[in-house]
file coords28.txt (compact mmCIF, C-alpha atoms)
# COMPACT_ATOMS: atom_id res chain seq x y z
CA GLY J 214 -10.50 -21.26 -19.64
CA GLY J 215 -7.02 -21.80 -21.01
CA PRO J 216 -4.07 -19.45 -21.57
CA LEU J 217 -4.22 -16.61 -24.09
CA VAL J 218 -1.65 -17.41 -26.80
CA LEU J 219 -0.12 -14.56 -28.83
CA ALA J 220 1.95 -15.31 -31.92
CA ALA J 221 4.51 -12.99 -33.51
CA PHE J 222 3.36 -11.42 -36.78
CA PRO J 223 5.97 -12.05 -39.50
CA GLY J 224 4.85 -9.00 -41.50
CA TYR J 225 5.57 -6.49 -38.72
CA TRP J 226 7.65 -3.55 -40.00
CA GLY J 227 9.94 -3.25 -36.96
CA ARG J 228 12.64 -5.41 -35.38
CA ARG J 229 11.77 -9.08 -35.12
CA PRO J 230 11.08 -10.33 -31.58
CA TYR J 231 13.34 -12.81 -29.80
CA PHE J 232 10.46 -15.27 -29.40
CA ALA J 233 7.69 -16.53 -31.63
CA GLU J 234 4.96 -16.98 -29.02
CA VAL J 235 3.78 -15.62 -25.67
CA GLN J 236 1.24 -17.28 -23.38
CA LEU J 237 -0.68 -15.23 -20.82
CA VAL J 238 -1.67 -17.55 -17.99
CA GLN J 239 -3.54 -16.93 -14.76
CA ALA J 240 -1.67 -17.82 -11.55
CA ASP J 241 -3.82 -17.37 -8.45
CA SER J 242 -1.68 -18.98 -5.78
CA HIS J 243 1.89 -18.77 -4.54
CA ARG J 244 2.36 -22.41 -5.55
CA GLU J 245 1.39 -21.66 -9.17
CA ILE J 246 3.72 -18.65 -9.30
CA ASP J 247 6.53 -20.77 -7.87
CA GLN J 248 5.97 -23.42 -10.54
CA LEU J 249 6.06 -20.82 -13.31
CA LEU J 250 9.32 -19.26 -12.14
CA THR J 251 11.14 -22.50 -11.37
CA SER J 252 10.10 -24.33 -14.56
CA LYS J 253 13.05 -25.31 -16.74
CA ASN J 254 10.86 -25.70 -19.84
CA GLN J 255 10.19 -22.06 -20.70
CA PRO J 256 10.98 -18.58 -19.37
CA ALA J 257 8.29 -16.74 -17.41
CA ILE J 258 7.56 -13.19 -16.27
CA VAL J 259 5.34 -12.61 -13.23
CA PRO J 260 4.22 -9.00 -12.71
CA MET J 261 3.13 -7.45 -9.40
CA LEU J 262 4.20 -10.03 -6.84
CA ASP J 263 2.72 -9.49 -3.39
CA GLN J 264 5.24 -8.80 -0.66
CA VAL J 265 4.94 -12.22 1.00
CA MET J 266 5.70 -14.03 -2.25
CA ALA J 267 8.50 -11.61 -3.13
CA ARG J 268 10.17 -12.13 0.27
CA SER J 269 9.86 -15.92 -0.10
CA LEU J 270 11.38 -15.89 -3.59
CA GLU J 271 14.21 -13.54 -2.64
CA SER J 272 15.18 -15.71 0.32
CA ARG J 273 16.09 -18.66 -1.90
CA ARG J 274 19.74 -19.29 -2.65
CA ASP J 275 19.28 -21.57 -5.65
CA ARG J 276 16.90 -19.37 -7.59
CA GLY J 277 17.08 -19.30 -11.36
CA TYR J 278 15.24 -15.99 -11.70
CA ARG J 279 15.68 -12.30 -10.94
CA ILE J 280 13.31 -10.03 -9.04
CA HIS J 281 13.08 -6.44 -10.27
CA HIS J 282 11.97 -3.65 -7.94
CA ARG J 283 10.01 -0.75 -9.40
CA SER J 284 8.11 2.12 -7.82
CA GLY J 285 4.37 1.56 -8.13
CA LEU J 286 1.29 3.68 -8.79
CA VAL J 287 -0.64 2.75 -5.62
CA LEU J 288 -0.79 4.89 -2.48
CA ARG J 289 -2.52 3.91 0.76
CA TYR J 290 -3.62 6.48 3.29
CA LEU J 291 -5.83 7.42 6.22
CA CYS J 292 -8.86 9.34 4.99
CA LEU J 293 -10.70 11.67 7.35
CA ARG J 294 -13.86 13.74 7.00
CA TRP J 295 -12.28 17.11 7.63
CA LYS J 296 -15.51 19.12 8.12
CA GLN J 297 -16.49 16.92 11.08
CA LYS J 298 -15.06 16.93 14.60
CA PRO J 299 -12.30 16.46 15.53
CA TRP J 300 -10.82 16.89 12.04
CA ASN J 301 -12.15 20.43 11.58
CA ASN J 302 -9.29 21.49 13.86
CA PRO J 303 -5.99 21.69 11.92
CA GLN J 304 -3.98 20.87 15.05
CA VAL J 305 -5.77 17.52 15.36
CA ARG J 306 -5.01 16.73 11.71
CA GLN J 307 -1.36 17.63 12.28
CA ALA J 308 -1.30 15.46 15.40
CA LEU J 309 -2.60 12.46 13.45
CA GLN J 310 0.10 12.98 10.84
CA LEU J 311 2.79 12.96 13.53
CA ALA J 312 1.31 9.88 15.23
CA VAL J 313 1.89 7.52 12.26
CA ASP J 314 5.27 5.79 11.92
CA ARG J 315 5.43 5.36 8.16
CA GLN J 316 8.89 3.77 8.24
CA ASP J 317 7.57 1.06 10.55
CA LEU J 318 4.60 0.36 8.27
CA VAL J 319 6.90 -0.08 5.27
CA ARG J 320 9.18 -2.37 7.26
CA THR J 321 6.54 -4.54 8.94
CA ILE J 322 3.40 -4.47 6.78
CA CYS J 323 5.06 -4.07 3.37
CA LEU J 324 8.12 -6.20 4.34
CA GLY J 325 10.30 -3.43 2.93
CA TYR J 326 8.58 -3.29 -0.46
CA GLY J 327 7.31 0.27 -0.34
CA SER J 328 8.12 3.89 0.42
CA PRO J 329 6.82 6.10 3.24
CA ALA J 330 4.24 8.46 1.73
CA ASN J 331 4.64 12.20 2.20
CA GLN J 332 2.13 13.47 -0.38
CA LEU J 333 -0.98 12.44 -2.31
CA VAL J 334 0.80 10.52 -5.08
CA PRO J 335 3.75 8.10 -5.09
CA PRO J 336 7.15 9.10 -6.57
CA LEU J 337 6.61 7.53 -9.99
CA VAL J 338 3.52 9.62 -10.74
CA PHE J 339 3.88 12.79 -12.85
CA GLY J 340 3.24 15.71 -10.50
CA SER J 341 4.97 14.15 -7.50
CA ASN J 342 7.22 16.64 -5.70
CA ASN J 343 10.56 15.12 -4.74
CA LEU J 344 11.52 18.25 -2.75
CA LEU J 345 8.95 17.69 -0.02
CA PRO J 346 10.49 16.55 3.30
CA PRO J 347 9.59 13.20 4.87
CA LEU J 348 6.75 13.11 7.40
CA ASN J 349 8.43 12.05 10.63
CA TYR J 350 6.99 10.15 13.57
CA ASP J 351 6.81 12.37 16.66
CA PRO J 352 4.18 11.22 19.20
CA SER J 353 5.33 13.74 21.82
CA LYS J 354 4.69 16.66 19.50
CA ALA J 355 1.39 15.05 18.50
CA ALA J 356 0.35 14.93 22.17
CA ASP J 357 1.24 18.63 22.57
CA LEU J 358 -0.88 19.55 19.56
CA LEU J 359 -3.84 17.57 20.91
CA LYS J 360 -3.49 19.40 24.22
CA GLN J 361 -3.49 22.77 22.42
CA ALA J 362 -6.60 21.66 20.50
CA GLY J 363 -8.45 20.92 23.75
CA TYR J 364 -7.82 17.17 23.91
CA GLY J 365 -5.43 17.14 26.85
CA GLN J 366 -6.97 13.89 28.14
CA GLY J 367 -6.34 12.21 24.79
CA LEU J 368 -8.52 11.32 21.86
CA GLU J 369 -10.53 8.19 21.05
CA LEU J 370 -11.06 7.37 17.38
CA ASN J 371 -12.82 4.65 15.38
CA LEU J 372 -10.91 3.45 12.32
CA VAL J 373 -12.86 1.64 9.59
CA LEU J 374 -10.78 -0.75 7.51
CA LEU J 375 -10.98 -3.99 5.56
CA VAL J 376 -10.64 -7.13 7.64
CA GLN J 377 -7.54 -8.00 5.58
CA ARG J 378 -5.88 -4.84 6.96
CA GLU J 379 -6.32 -5.71 10.63
CA GLU J 380 -2.57 -6.22 11.16
CA LEU J 381 -1.96 -2.72 9.85
CA GLY J 382 -4.62 -1.42 12.23
CA ARG J 383 -2.80 -3.05 15.15
CA ARG J 384 0.43 -1.31 14.15
CA LEU J 385 -1.39 2.03 13.98
CA GLN J 386 -2.80 1.43 17.47
CA GLU J 387 0.76 1.00 18.77
CA HIS J 388 1.99 4.11 16.94
CA MET J 389 -0.78 6.34 18.25
CA ARG J 390 -0.91 5.18 21.86
CA PRO J 391 2.12 7.29 23.00
CA ALA J 392 0.44 10.37 21.49
CA GLY J 393 -2.64 9.83 23.66
CA ILE J 394 -4.79 8.48 20.83
CA VAL J 395 -6.93 5.40 21.47
CA LEU J 396 -7.70 3.77 18.14
CA ASN J 397 -10.67 1.39 17.95
CA LEU J 398 -10.66 -0.88 14.90
CA ARG J 399 -13.85 -1.50 12.93
CA THR J 400 -12.89 -4.27 10.51
CA MET J 401 -15.36 -5.08 7.73
CA SER J 402 -15.86 -7.24 4.68
CA ARG J 403 -15.28 -5.55 1.33
CA ASP J 404 -19.00 -4.99 0.66
CA ASP J 405 -19.68 -3.55 4.12
CA PHE J 406 -16.53 -1.44 3.99
CA PHE J 407 -17.39 0.37 0.77
CA ARG J 408 -20.98 0.89 1.89
CA SER J 409 -19.72 2.57 5.07
CA LEU J 410 -17.49 5.14 3.36
CA ASP J 411 -20.27 7.68 2.88
CA THR J 412 -20.47 8.19 6.64
CA ALA J 413 -17.18 6.91 8.11
CA ASN J 414 -15.29 9.58 10.05
CA LEU J 415 -11.89 7.90 9.63
CA PHE J 416 -10.96 5.02 7.33
CA PHE J 417 -7.95 3.41 5.67
CA ILE J 418 -8.01 3.00 1.90
CA GLY J 419 -5.78 3.05 -1.16
CA TYR J 420 -5.98 4.06 -4.78
CA GLY J 421 -3.92 3.58 -7.92
CA SER J 422 -3.07 6.51 -10.18
CA THR J 423 -3.45 4.32 -13.25
CA SER J 424 -2.86 7.20 -15.68
CA GLY J 425 0.47 7.97 -14.01
CA ASP J 426 -0.63 11.61 -13.76
CA ALA J 427 -1.44 13.41 -10.51
call {"tool": "encode", "arguments": {"input": "coords28.txt", "output": "structure tokens"}}
result
Amino acid sequence: GGPLVLAAFPGYWGRRPYFAEVQLVQADSHREIDQLLTSKNQPAIVPMLDQVMARSLESRRDRGYRIHHRSGLVLRYLCLRWKQKPWNNPQVRQALQLAVDRQDLVRTICLGYGSPANQLVPPLVFGSNNLLPPLNYDPSKAADLLKQAGYGQGLELNLVLLVQREELGRRLQEHMRPAGIVLNLRTMSRDDFFRSLDTANLFFIGYGSTSGDA
């Protein structure tokens, strides 16, 4: 129940460390993270801050710490069952791609801590292609593609997502409305969400490329 304490080994063959001991502690709340970083007693490192905590810490003027930004291994995306209607039509898939404002999602949902995705892995992952162009938001072109695909009156979709992602779902509704897409949100608990993925036609999910290899 307490911290994991690691002591430096004096018989190690390489360069001696700058410190004799490291404690790995669990910090579950923003208050606990704040206490760790603002403590004058000992230095602390906090990995993987969430965006709300990072924004709060960066807004302080009297901070005695530094925040380092690094590209991550996690990518979040809309997943569709492409053999089913309407996704079996490539024009509908292209229309959906054009109806998502990725820059807005990074700015509002990620509070600026992210990058607009344009491929299946994030930039840090081996196999990522930095020559691919960005995927731009163009609801007018999306509407034209839907019309060509036989959905001139628009398209109604059900999006399955975790209840914690409801704000993101609301942003997607706003993005897609000018393209003629009505997006109905089906928010679920974690257990219900993962049970639904075998049959869901459209859902929002993420994964981490923990090996760093595409």
call {"tool": "closest_residue", "arguments": {"input": "coords28.txt", "among": "J:Asn397, J:Thr251, J:Asn371, J:Gln316", "to": "J:Asp275", "atoms": "only C-alpha atoms"}}
result
J:Thr251
call {"tool": "residues_around", "arguments": {"input": "coords28.txt", "residues": "J:Asp317", "least_positions_apart": "4", "cutoff": "10 Å", "atoms": "all atoms listed in the file", "output": "list in words"}}
result
Val313, Thr321, Ile322, Cys323, Leu324, Gly325, Pro329, Tyr350, Arg384, Leu385 and His388 of chain J
call {"tool": "residues_around", "arguments": {"input": "coords28.txt", "residues": "J:Ser402", "least_positions_apart": "6", "cutoff": "12 Å", "atoms": "all atoms listed in the file", "output": "PyMOL selection string"}}
result
chain J and resi 373-379+408-409
call {"tool": "closest_residue", "arguments": {"input": "coords28.txt", "among": "J:Ala427, J:Ala312, J:Leu415, J:Ala233", "to": "J:Leu370", "atoms": "only C-alpha atoms"}}
result
J:Leu415
call {"tool": "atom_distance", "arguments": {"input": "coords28.txt", "atom1": "atom CA of J:Gln304", "atom2": "atom CA of J:Ala355"}}
result
8.6 Å
call {"tool": "residues_around", "arguments": {"input": "coords28.txt", "residues": "stretch 284-287 of chain J", "least_positions_apart": "4", "cutoff": "7 Å", "atoms": "only C-alpha atoms", "output": "PyMOL selection string"}}
result
chain J and resi 335+337-338+419-423+425
call {"tool": "atom_distance", "arguments": {"input": "coords28.txt", "atom1": "atom CA of J:Gly363", "atom2": "atom CA of J:Val305"}}
result
9.4 Å
call {"tool": "closest_residue", "arguments": {"input": "coords28.txt", "among": "J:Leu318, J:Leu288, J:Leu249, J:Ala330", "to": "J:Gln386", "atoms": "only C-alpha atoms"}}
result
J:Leu318
call {"tool": "closest_residue", "arguments": {"input": "coords28.txt", "among": "J:Ser269, J:Asn342, J:Asn414, J:Gln255", "to": "J:His243", "atoms": "only C-alpha atoms"}}
result
J:Ser269
call {"tool": "residues_around", "arguments": {"input": "coords28.txt", "residues": "stretch 293-298 of chain J", "least_positions_apart": "6", "cutoff": "9 Å", "atoms": "all atoms listed in the file", "output": "list in words"}}
result
Arg306, Thr412, Ala413, Asn414, Leu415, Phe416 and Phe417 of chain J
call {"tool": "write_last_selection", "arguments": {"input": "coords28.txt", "atoms": "C-alpha atoms", "output": "mmCIF file, in the frame of the given file"}}
result
data_model
loop_
_atom_site.group_PDB
_atom_site.id
_atom_site.type_symbol
_atom_site.label_atom_id
_atom_site.label_comp_id
_atom_site.auth_asym_id
_atom_site.auth_seq_id
_atom_site.Cartn_x
_atom_site.Cartn_y
_atom_site.Cartn_z
ATOM 1 C CA ARG J 306 -5.010 16.730 11.710
ATOM 2 C CA THR J 412 -20.470 8.190 6.640
ATOM 3 C CA ALA J 413 -17.180 6.910 8.110
ATOM 4 C CA ASN J 414 -15.290 9.580 10.050
ATOM 5 C CA LEU J 415 -11.890 7.900 9.630
ATOM 6 C CA PHE J 416 -10.960 5.020 7.330
ATOM 7 C CA PHE J 417 -7.950 3.410 5.670
#
call {"tool": "atom_distance", "arguments": {"input": "coords28.txt", "atom1": "atom CA of J:Pro336", "atom2": "atom CA of J:Arg315"}}
result
15.3 Å
call {"tool": "closest_residue", "arguments": {"input": "coords28.txt", "among": "J:Gln307, J:Ile280, J:Gln366, J:Leu410", "to": "J:Asn349", "atoms": "only C-alpha atoms"}}
result
J:Gln307
call {"tool": "closest_residue", "arguments": {"input": "coords28.txt", "among": "J:Arg228, J:Leu381, J:Ile418, J:Pro260", "to": "J:Arg403", "atoms": "only C-alpha atoms"}}
result
J:Ile418
call {"tool": "axis_aligned_box", "arguments": {"input": "coords28.txt", "around": "stretch 307-319 of chain J", "padding_each_side": "8 Å", "output": "JSON"}}
result
{"center_x": 3.1, "center_y": 8.8, "center_z": 10.3, "size_x": 27.5, "size_y": 33.7, "size_z": 26.1}
call {"tool": "residues_around", "arguments": {"input": "coords28.txt", "residues": "J:Phe222", "least_positions_apart": "5", "cutoff": "12 Å", "atoms": "only C-alpha atoms", "output": "number ranges by chain"}}
result
J: 227-230, 232-235
call {"tool": "decode", "arguments": {"input": "coords28.txt", "residues": "stretch 332-344 of chain J", "atoms": "all heavy atoms", "output": "compact mmCIF listing (two decimals), in the first residue's frame"}}
result
# COMPACT_ATOMS: atom_id res chain seq x y z
N GLN J 332 -3.43 9.55 -40.41
CA GLN J 332 -3.10 8.17 -40.75
C GLN J 332 -3.33 7.30 -39.52
O GLN J 332 -3.76 7.79 -38.48
CB GLN J 332 -1.67 8.06 -41.25
CG GLN J 332 -0.62 8.62 -40.29
CD GLN J 332 0.73 8.75 -40.95
OE1 GLN J 332 1.36 7.76 -41.34
NE2 GLN J 332 1.18 9.99 -41.12
N LEU J 333 -3.02 6.01 -39.64
CA LEU J 333 -3.41 5.05 -38.60
C LEU J 333 -2.50 5.04 -37.38
O LEU J 333 -2.83 4.39 -36.39
CB LEU J 333 -3.47 3.65 -39.20
CG LEU J 333 -4.62 3.40 -40.18
CD1 LEU J 333 -4.50 2.03 -40.81
CD2 LEU J 333 -5.95 3.54 -39.48
N VAL J 334 -1.36 5.71 -37.44
CA VAL J 334 -0.48 5.78 -36.28
C VAL J 334 -0.02 7.22 -36.08
O VAL J 334 0.06 8.00 -37.03
CB VAL J 334 0.75 4.86 -36.44
CG1 VAL J 334 0.35 3.40 -36.34
CG2 VAL J 334 1.50 5.14 -37.73
N PRO J 335 0.28 7.62 -34.83
CA PRO J 335 0.76 8.97 -34.58
C PRO J 335 2.21 9.16 -35.03
O PRO J 335 2.91 8.18 -35.33
CB PRO J 335 0.62 9.11 -33.06
CG PRO J 335 0.61 7.73 -32.52
CD PRO J 335 0.04 6.86 -33.59
N PRO J 336 2.69 10.41 -35.09
CA PRO J 336 4.00 10.70 -35.69
C PRO J 336 5.18 9.99 -35.03
O PRO J 336 6.18 9.71 -35.70
CB PRO J 336 4.13 12.22 -35.54
CG PRO J 336 2.73 12.71 -35.44
CD PRO J 336 1.96 11.64 -34.73
N LEU J 337 5.11 9.72 -33.74
CA LEU J 337 6.25 9.13 -33.05
C LEU J 337 6.47 7.66 -33.40
O LEU J 337 7.55 7.12 -33.20
CB LEU J 337 6.04 9.26 -31.53
CG LEU J 337 7.23 8.95 -30.62
CD1 LEU J 337 8.35 9.95 -30.85
CD2 LEU J 337 6.81 8.96 -29.16
N VAL J 338 5.45 7.01 -33.94
CA VAL J 338 5.51 5.57 -34.18
C VAL J 338 6.31 5.26 -35.45
O VAL J 338 6.12 5.90 -36.49
CB VAL J 338 4.08 4.98 -34.28
CG1 VAL J 338 4.12 3.52 -34.71
CG2 VAL J 338 3.37 5.13 -32.95
N PHE J 339 7.18 4.26 -35.36
CA PHE J 339 7.95 3.81 -36.53
C PHE J 339 6.97 3.29 -37.60
O PHE J 339 6.15 2.43 -37.31
CB PHE J 339 8.93 2.71 -36.13
CG PHE J 339 9.69 2.14 -37.28
CD1 PHE J 339 10.74 2.84 -37.85
CD2 PHE J 339 9.35 0.92 -37.82
CE1 PHE J 339 11.44 2.33 -38.93
CE2 PHE J 339 10.05 0.38 -38.89
CZ PHE J 339 11.09 1.09 -39.45
N GLY J 340 7.08 3.81 -38.79
CA GLY J 340 6.15 3.46 -39.87
C GLY J 340 5.22 4.62 -40.21
O GLY J 340 4.53 4.57 -41.22
N SER J 341 5.19 5.64 -39.37
CA SER J 341 4.40 6.82 -39.69
C SER J 341 5.00 7.54 -40.90
O SER J 341 6.21 7.62 -41.04
CB SER J 341 4.38 7.76 -38.47
OG SER J 341 3.73 8.97 -38.77
N ASN J 342 4.13 8.06 -41.76
CA ASN J 342 4.57 8.71 -42.99
C ASN J 342 4.38 10.21 -42.86
O ASN J 342 3.26 10.71 -42.92
CB ASN J 342 3.77 8.16 -44.17
CG ASN J 342 4.26 8.71 -45.50
OD1 ASN J 342 5.09 9.61 -45.56
ND2 ASN J 342 3.73 8.16 -46.59
N ASN J 343 5.48 10.94 -42.70
CA ASN J 343 5.37 12.38 -42.51
C ASN J 343 5.15 13.15 -43.81
O ASN J 343 5.07 14.38 -43.79
CB ASN J 343 6.61 12.93 -41.78
CG ASN J 343 7.90 12.72 -42.55
OD1 ASN J 343 7.88 12.25 -43.70
ND2 ASN J 343 9.03 13.04 -41.95
N LEU J 344 5.05 12.44 -44.94
CA LEU J 344 4.80 13.10 -46.22
C LEU J 344 3.31 13.16 -46.57
O LEU J 344 2.93 13.81 -47.54
CB LEU J 344 5.55 12.38 -47.34
CG LEU J 344 7.08 12.32 -47.20
CD1 LEU J 344 7.70 11.56 -48.36
CD2 LEU J 344 7.67 13.72 -47.10
